[in-house]
Amino acid sequence: MMINGKTKRNLTMTDEQRFKQTIADIRPVDGQSCMRAQAHWDHMGKPLHSLGKLETLWTQLAAIRRTEHPSVKKRALIVLCADNGVVAEGVTQTGQEVTATVAENFFDDLTCTSILCRENHCDQCIVDIGMISDTPRTLRRKVAYGTKNMAKMPAMTREEAYRAICIGMELVEEKRAEGYELLATGEMGIGNTTTSSAVTAVLLGLTPEAVTGRGAGLSDTGLEKKKAVIRQAIELLAPNPEDPIDVLAKVGGFDLAGLTGIFLAGAAAGIPVIIDGFISLTAALVAARIAPNCVPYLIPSHVSKEPAGALLLQALGMKPGICMDLCLGEGSGAVALLPFLDMTAAIYEQMGTFSDIHVQEYEDYTEGQPC
């Protein structure tokens with residue numbers, strides 16, 4: 001049902017039904033707005049296409065927002081916090097208690113990302129989607145108190161995977177109702193590079209060795225242990241690469257599932273969503289396998305230093321805006337893209353045209369169109 005141009009969800013729908021309805025709501029981005037935005041760039045008093053990815057980023061935003069004058073002033077970072085049972089296998093340097101500690105640190109500007117948000121006028125939404133403990137200030141949308149150990153059994157049930165995805169979708173719907181124009185993604189969860197490596201290996205058909213990195217600084221011995229645990233989980237549970245929900249349920253995490261929901265719902269709502277690094281990219285790949293038409297709504301921020309970062313971008317057909325060996329997570333890379341967008345907005349709206357400066361416009365001899 002549509003009310004004031006927005007879909008009113010039937011509260012009696014199951015999570016799976018809501019999931020399917022959201023996917024059905026995704027429509028193509030607006031090519032006409034993209035072309036008008038590119039024409040605006042081409043009339044500016046500068047060499048054609050000389051701002052490179054800044055121009056293509058802005059035309060993508062125009063296509064997503066269905067206007068040649070998109071705005072990115074009201075924006076929020078959504079950080080999904082969750083714990084992973086596979087930590088019991090010794091695949092991390094720290095214990096699960098760190099997840100809750102860092103989640104609370106966001107509220108005191110004690111994390112790198114919270115400082116980046118403050119400096120870039122970006123609101124924070126810190127969500128407990130599955131931590132093993134409760135914390136006083138996180139928004140509690142907990143599916144369960146952590147996933148199970150995927151080295152022994154499926155990380156979650158299929159129903160829990162749908163619930164986590166729908167929580168991500170609900171967060172987007174709430175932000176849209178609050179007037180947000182741009183969302184960035186982040187996560188916090190000890191052990192989530194292990195789950196992300198497992199999901200990536202299955203979906204890309206690669207070995208754990210090809211996609212697994214040191215995460216938060218594992219030793220050589222720890223890295224080999226991590227690869228072995230991922231291999232064990234995949235062999236034991238045999239997740240089906242043709243069924244992304246099965247992959248999430250068996251070797252994923254609540255944060256990955258929630259991020260998948262954010263990407264899908266962002267596309268359905270016509271809101272651009274910035275992808276962070278390795279973990280967010282893994283969820284973006286899951287979303288793309290579920291609904292390929294969501295990809296034009298997703299904006300890559302950077303290429304992660306983790307081994308799978310470049311592989312995931314390639315699989316998604318994306319080129320990153322930032323290449324600085326970032327691998328912090330928490331949405332840090334996604335928020336780091338914001339000043340580039342702000343500078344681009346200022347240039348796009350304020351720079352003089354060839355007509356303004358009384359110079360003849362350039363002829364465009366390049367092949368192909370960006371839209």
# chains A, B, ... in the order shown; residues from 1 in each chain; ligands from 1
call {"tool": "select_by_dssp", "arguments": {"residues": "range 120-336 of chain A", "states": "helix (DSSP H, G or I)", "output": "ChimeraX atom specification"}}
result
/A:158-177,192-204,208-211,220-237,244-251,254-269,278-290,292-297,308-316,332-336
call {"tool": "residues_around", "arguments": {"residues": "range 157-173 of chain A", "least_positions_apart": "4", "cutoff": "9 Å", "atoms": "only C-alpha atoms", "output": "ChimeraX atom specification"}}
result
/A:15-16,18-19,22,78,80,129-130,141-144,177-178,183,245-246,248-250,252-266,269,271
call {"tool": "closest_atom_pairs", "arguments": {"of": "range 37-152 of chain A", "to": "range 309-320 of chain A", "cutoff": "12 Å", "atoms": "only C-alpha atoms", "output": "CSV"}}
result
residue,atom,partner,partner_atom,distance
A:Gly52,CA,A:Lys319,CA,11.7
A:Lys53,CA,A:Lys319,CA,8.9
A:Leu54,CA,A:Pro320,CA,11.2
A:Thr56,CA,A:Lys319,CA,10.8
A:Leu57,CA,A:Pro320,CA,10.4
call {"tool": "residues_around", "arguments": {"residues": "Val273 in chain A", "least_positions_apart": "2", "cutoff": "12 Å", "atoms": "only C-alpha atoms", "output": "PyMOL selection string"}}
result
chain A and resi 60-61+64-65+72+75-78+172+175-176+180-186+259-271+275-276+280-281+284+294-301+331+334-335+337-338
call {"tool": "closest_residue", "arguments": {"among": "A:Glu55, A:Glu242, A:Asp42, A:Asp25", "to": "Ser355 in chain A", "atoms": "only C-alpha atoms"}}
result
A:Asp42
call {"tool": "closest_residue", "arguments": {"among": "A:Gly277, A:Pro47, A:Gly215, A:Pro208", "to": "Lys227 in chain A", "atoms": "only C-alpha atoms"}}
result
A:Pro208
call {"tool": "closest_residue", "arguments": {"among": "A:Leu341, A:Ile234, A:Phe107, A:Thr207", "to": "Asp123 in chain A", "atoms": "only C-alpha atoms"}}
result
A:Phe107
call {"tool": "atom_distance", "arguments": {"atom1": "CA of Ala37 in chain A", "atom2": "CA of Phe340 in chain A"}}
result
17.2 Å
call {"tool": "atom_distance", "arguments": {"atom1": "CA of Phe106 in chain A", "atom2": "CA of Asp83 in chain A"}}
result
16.8 Å
call {"tool": "closest_residue", "arguments": {"among": "A:Ile126, A:Val199, A:Leu328, A:Val286", "to": "Met150 in chain A", "atoms": "only C-alpha atoms"}}
result
A:Val199
call {"tool": "select_by_dssp", "arguments": {"residues": "range 123-231 of chain A", "states": "strand (DSSP E)", "output": "ChimeraX atom specification"}}
result
/A:123-130,139-140,182-188
call {"tool": "closest_residue", "arguments": {"among": "A:Arg36, A:His43, A:Lys20, A:Lys73", "to": "Gln360 in chain A", "atoms": "only C-alpha atoms"}}
result
A:His43
call {"tool": "closest_residue", "arguments": {"among": "A:Tyr145, A:Asp134, A:Ala308, A:Gly95", "to": "Ala198 in chain A", "atoms": "only C-alpha atoms"}}
result
A:Ala308
call {"tool": "residues_around", "arguments": {"residues": "Leu326 in chain A", "least_positions_apart": "2", "cutoff": "10 Å", "atoms": "only C-alpha atoms", "output": "mmCIF file with N, CA, C and O atoms, in the first residue's frame"}}
result
data_model
loop_
_atom_site.group_PDB
_atom_site.id
_atom_site.type_symbol
_atom_site.label_atom_id
_atom_site.label_comp_id
_atom_site.auth_asym_id
_atom_site.auth_seq_id
_atom_site.Cartn_x
_atom_site.Cartn_y
_atom_site.Cartn_z
ATOM 1 N N ASP A 276 31.415 0.574 3.393
ATOM 2 C CA ASP A 276 32.720 0.733 4.036
ATOM 3 C C ASP A 276 33.700 -0.265 3.419
ATOM 4 O O ASP A 276 33.744 -0.402 2.204
ATOM 5 N N GLY A 277 34.447 -0.980 4.218
ATOM 6 C CA GLY A 277 35.497 -1.853 3.723
ATOM 7 C C GLY A 277 35.084 -3.300 3.571
ATOM 8 O O GLY A 277 33.966 -3.615 3.156
ATOM 9 N N PHE A 278 35.983 -4.206 3.935
ATOM 10 C CA PHE A 278 35.839 -5.627 3.674
ATOM 11 C C PHE A 278 34.507 -6.198 4.157
ATOM 12 O O PHE A 278 33.798 -6.880 3.409
ATOM 13 N N HIS A 302 36.228 2.808 -0.319
ATOM 14 C CA HIS A 302 37.670 2.558 -0.397
ATOM 15 C C HIS A 302 37.935 1.091 -0.646
ATOM 16 O O HIS A 302 37.027 0.260 -0.568
ATOM 17 N N VAL A 303 39.170 0.775 -0.956
ATOM 18 C CA VAL A 303 39.574 -0.624 -1.102
ATOM 19 C C VAL A 303 40.308 -1.036 0.161
ATOM 20 O O VAL A 303 41.320 -0.444 0.530
ATOM 21 N N SER A 304 39.777 -2.025 0.847
ATOM 22 C CA SER A 304 40.341 -2.475 2.114
ATOM 23 C C SER A 304 41.709 -3.129 1.911
ATOM 24 O O SER A 304 41.989 -3.726 0.866
ATOM 25 N N LYS A 305 42.523 -3.028 2.937
ATOM 26 C CA LYS A 305 43.830 -3.690 2.929
ATOM 27 C C LYS A 305 43.689 -5.207 3.060
ATOM 28 O O LYS A 305 44.608 -5.965 2.720
ATOM 29 N N GLU A 306 42.542 -5.669 3.554
ATOM 30 C CA GLU A 306 42.304 -7.111 3.657
ATOM 31 C C GLU A 306 42.348 -7.743 2.257
ATOM 32 O O GLU A 306 41.949 -7.111 1.269
ATOM 33 N N ILE A 322 38.711 5.913 -2.568
ATOM 34 C CA ILE A 322 39.877 6.127 -1.707
ATOM 35 C C ILE A 322 40.759 4.884 -1.727
ATOM 36 O O ILE A 322 40.256 3.769 -1.561
ATOM 37 N N CYS A 323 42.070 5.059 -1.904
ATOM 38 C CA CYS A 323 43.027 3.943 -1.856
ATOM 39 C C CYS A 323 44.142 4.329 -0.887
ATOM 40 O O CYS A 323 45.144 4.921 -1.279
ATOM 41 N N MET A 324 43.944 4.015 0.396
ATOM 42 C CA MET A 324 44.905 4.433 1.421
ATOM 43 C C MET A 324 45.222 3.323 2.419
ATOM 44 O O MET A 324 45.589 3.573 3.562
ATOM 45 N N LEU A 328 40.350 -0.465 9.170
ATOM 46 C CA LEU A 328 39.851 -0.307 10.535
ATOM 47 C C LEU A 328 38.441 -0.843 10.693
ATOM 48 O O LEU A 328 38.105 -1.466 11.704
ATOM 49 N N GLY A 329 37.591 -0.612 9.702
ATOM 50 C CA GLY A 329 36.195 -0.982 9.857
ATOM 51 C C GLY A 329 35.425 0.095 10.593
ATOM 52 O O GLY A 329 35.805 1.268 10.601
ATOM 53 N N SER A 332 34.667 3.643 9.155
ATOM 54 C CA SER A 332 35.655 4.721 9.044
ATOM 55 C C SER A 332 35.894 5.127 7.603
ATOM 56 O O SER A 332 35.942 6.325 7.272
ATOM 57 N N GLY A 333 36.045 4.162 6.707
ATOM 58 C CA GLY A 333 36.276 4.486 5.303
ATOM 59 C C GLY A 333 35.067 5.134 4.661
ATOM 60 O O GLY A 333 35.196 6.032 3.822
#
call {"tool": "atom_distance", "arguments": {"atom1": "CA of Met35 in chain A", "atom2": "CA of Gly179 in chain A"}}
result
25.5 Å
